[in-house]
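Colleague: Dropping a structure here in structure tokens format, bear with me for questions.
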Amino acid sequence: MKIVNLDGYTVNPGDLSWEGIKALGNYTVYDRTDSGQILERAKGAEILVINKTVVTNEMLDCLVPELKFIALQSTGYNVVDVKYARSIGITVSNIPSYSSDAVAQLVFAFILQMTNKITLHSDAVMNGEWCTCPDFCFWKSPLAELAGKTIGIIGFGTIGRRVAEIADAFRMNILAYTPRHKEKGNLNNLEFTDLDTLLKNSDIITCHCPLTPETTKMINDNTISKMKKSAIFINTSRGSVVDEKALADALNEERIAGAGLDVLDIEPAKSDNPLLRAKNCYITPHIAWAAKETRSRLMNILEENIKAYINNSPQNVVN
């Protein structure tokens with residue numbers, strides 16, 4: 001059985017092992033594949049493994065009838081038209097719920113950076129300011145406790161709930177907006193509410209929603225105008241949830257206090273992205289999922305997805 005991975009590098013740059021998948025068939029892995037190389041490399045494959053490589057419907061037409069299964073190395077599946085794939089006999093599986101802890105961890109890394117100003121004060125110490133200070137301590141910017149603050153969580157799937165659990169440990173008040181009914185569980189500080197109420201009352205707003213027509217550019221001039229001037233905005237979901245110019249303008253005009261972003265509309269970032277020069281904006285290069293433990297978990301699920309397909313019982317199917 002021919003198995004081809006078109007973009008394996010970000011999942012495994014060499015610190016993990018593909019041996020488990022190699023044992024399942026004739027496995028070839030490419031670090032990266034541009035659009036002009038897809039058909040040549042994928043030709044004859046029964047199983048195609050992809051992450052961010054976009055496979056068009058025209059390409060799928062060229063790869064059937066040999067291609068039967070697409071194994072995604074991600075939770076999102078917008079790189080392939082899953083309905084069309086199903087119509088021509090191709091099953092598609094994703095990797096669900098593998099990165100919840102890691103993404104929630106980065107959310108609070110952003111939050112703590114902006115409330116405790118760690119980089120600002122560490123730089124000041126390293127530059128000698130503490131050595132010449134007449135007092136035993138100093139601060140260059142107001143600091144803030146999280147206890148008693150309100151965090152607004154847009155989207156309340158596995159990651160959103162994990163963020164809420166951590167917020168609860170900080171004794172924060174929690175507002176959540178979700179279009180589907182969810183249970184509170186043991187989160188006594190949690191209140192489900194509409195989006196406007198969340199935007200108006202939250203000190204920190206964090207996005208954990210899928211990218212859909214309804215959520216595309218959800219964070220825009222109108223929704224930002226409803227936020228507190230002191231609000232911090234976090235996005236670790238999808239870059240296209242945000243109107244980037246609107247957010248950059250709000251930051252530069254100090255209509256909100258700060259932003260932490262792990263995703264952008266176009267990745268890698270374009271040099272003219274206005275957020276790269278926005279005030280109080282922290283951007284990481286889509287690394288919420290990239291801890292070694294997280295990637296290892298992803299690869300284990302990927303292997304199990306391929307095994308399940310081979311055993312005629314595909315799992316985590318999205319079409």
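Residues are named by chain letter and number: chains run A, B, ... in the order of the structure tokens, numbers start at 1 in each chain, and ligands are numbered from 1 in the order shown.
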Using the chain letters and numbers from this document, which residues of stretch 194-272 of chain A does DSSP assign to alpha helix (DSSP H), as a ChimeraX atom specification?

Modeller: /A:195-201,221-225,244-252

Colleague: I'd like the contact shell of A:Thr193 - 10 Å cut-off, only C-alpha atoms, skipping same-chain residues fewer than 6 positions apart - returned as an mmCIF file with all heavy atoms, in the first residue's frame.

Modeller:
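File written: selection30.cif
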data_model
loop_
_atom_site.group_PDB
_atom_site.id
_atom_site.type_symbol
_atom_site.label_atom_id
_atom_site.label_comp_id
_atom_site.auth_asym_id
_atom_site.auth_seq_id
_atom_site.Cartn_x
_atom_site.Cartn_y
_atom_site.Cartn_z
ATOM 1 N N GLY A 152 -13.746 36.293 28.647
ATOM 2 C CA GLY A 152 -14.801 35.934 27.708
ATOM 3 C C GLY A 152 -14.263 34.947 26.695
ATOM 4 O O GLY A 152 -13.273 35.232 26.014
ATOM 5 N N LEU A 175 -17.240 34.189 31.148
ATOM 6 C CA LEU A 175 -18.360 34.287 30.220
ATOM 7 C C LEU A 175 -18.023 33.461 28.986
ATOM 8 O O LEU A 175 -16.869 33.444 28.547
ATOM 9 C CB LEU A 175 -18.612 35.736 29.808
ATOM 10 C CG LEU A 175 -18.989 36.719 30.914
ATOM 11 C CD1 LEU A 175 -19.150 38.124 30.341
ATOM 12 C CD2 LEU A 175 -20.274 36.276 31.613
ATOM 13 N N ALA A 176 -18.996 32.763 28.430
ATOM 14 C CA ALA A 176 -18.764 31.963 27.232
ATOM 15 C C ALA A 176 -19.891 32.168 26.241
ATOM 16 O O ALA A 176 -21.071 32.232 26.624
ATOM 17 C CB ALA A 176 -18.629 30.481 27.587
ATOM 18 N N TYR A 177 -19.491 32.277 24.968
ATOM 19 C CA TYR A 177 -20.473 32.376 23.888
ATOM 20 C C TYR A 177 -20.299 31.172 22.974
ATOM 21 O O TYR A 177 -19.201 30.889 22.493
ATOM 22 C CB TYR A 177 -20.274 33.662 23.089
ATOM 23 C CG TYR A 177 -21.027 33.667 21.781
ATOM 24 C CD1 TYR A 177 -22.418 33.785 21.765
ATOM 25 C CD2 TYR A 177 -20.359 33.525 20.566
ATOM 26 C CE1 TYR A 177 -23.123 33.762 20.567
ATOM 27 C CE2 TYR A 177 -21.051 33.516 19.364
ATOM 28 C CZ TYR A 177 -22.435 33.625 19.373
ATOM 29 O OH TYR A 177 -23.129 33.592 18.194
ATOM 30 N N THR A 178 -21.374 30.443 22.768
ATOM 31 C CA THR A 178 -21.346 29.289 21.869
ATOM 32 C C THR A 178 -22.720 29.140 21.240
ATOM 33 O O THR A 178 -23.745 29.315 21.913
ATOM 34 C CB THR A 178 -20.957 28.005 22.617
ATOM 35 O OG1 THR A 178 -21.035 26.895 21.722
ATOM 36 C CG2 THR A 178 -21.832 27.753 23.828
ATOM 37 N N PRO A 179 -22.780 28.834 19.945
ATOM 38 C CA PRO A 179 -24.085 28.693 19.291
ATOM 39 C C PRO A 179 -24.799 27.400 19.666
ATOM 40 O O PRO A 179 -25.999 27.276 19.438
ATOM 41 C CB PRO A 179 -23.734 28.716 17.800
ATOM 42 C CG PRO A 179 -22.313 28.255 17.741
ATOM 43 C CD PRO A 179 -21.663 28.747 18.981
#

Colleague: Counting only C-alpha atoms, what is within 12 Å of A:Lys149, bar same-chain residues fewer than 6 positions away, as a PyMOL selection string?

Modeller: chain A and resi 111+115+167-168+170-175+189+201-205+230-232

Colleague: Counting only C-alpha atoms, what is within 12 Å of A:Leu106, bar same-chain residues fewer than 5 positions away, as a list in words?

Modeller: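 Listed by chain and then number, they are Ser99, Ser100, Asp101, Ile111, Leu112, Gln113, Ile159, Arg162, Val163, Ile166, Thr206, Ile234, Asn235, Thr236, Ser237, Gly260, Leu261, Asp262, Val263, Tyr282, Ile283, Thr284, Pro285, His286, Ile287, Ala288, Trp289, Ala290 and Ala291 of chain A.
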
Colleague: Go ahead and compute the interatomic distance for atom CA of A:Glu129 and atom CA of A:Ser141, in Å to one decimal.

Modeller: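 We find that atom CA of A:Glu129 and atom CA of A:Ser141 lie 14.1 Å from each other.
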
Colleague: Find the residue from A:Ser271, A:Ser225, A:Thr158, A:Asn57 that sits nearest to A:Val103; use only C-alpha atoms when measuring.

Modeller: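 Nearest candidate to A:Val103 out of A:Ser271, A:Ser225, A:Thr158, A:Asn57: A:Thr158.
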
Colleague: Interatomic distance between atom CA of A:Glu244 and atom CA of A:Cys207?

Modeller: 14.2 Å
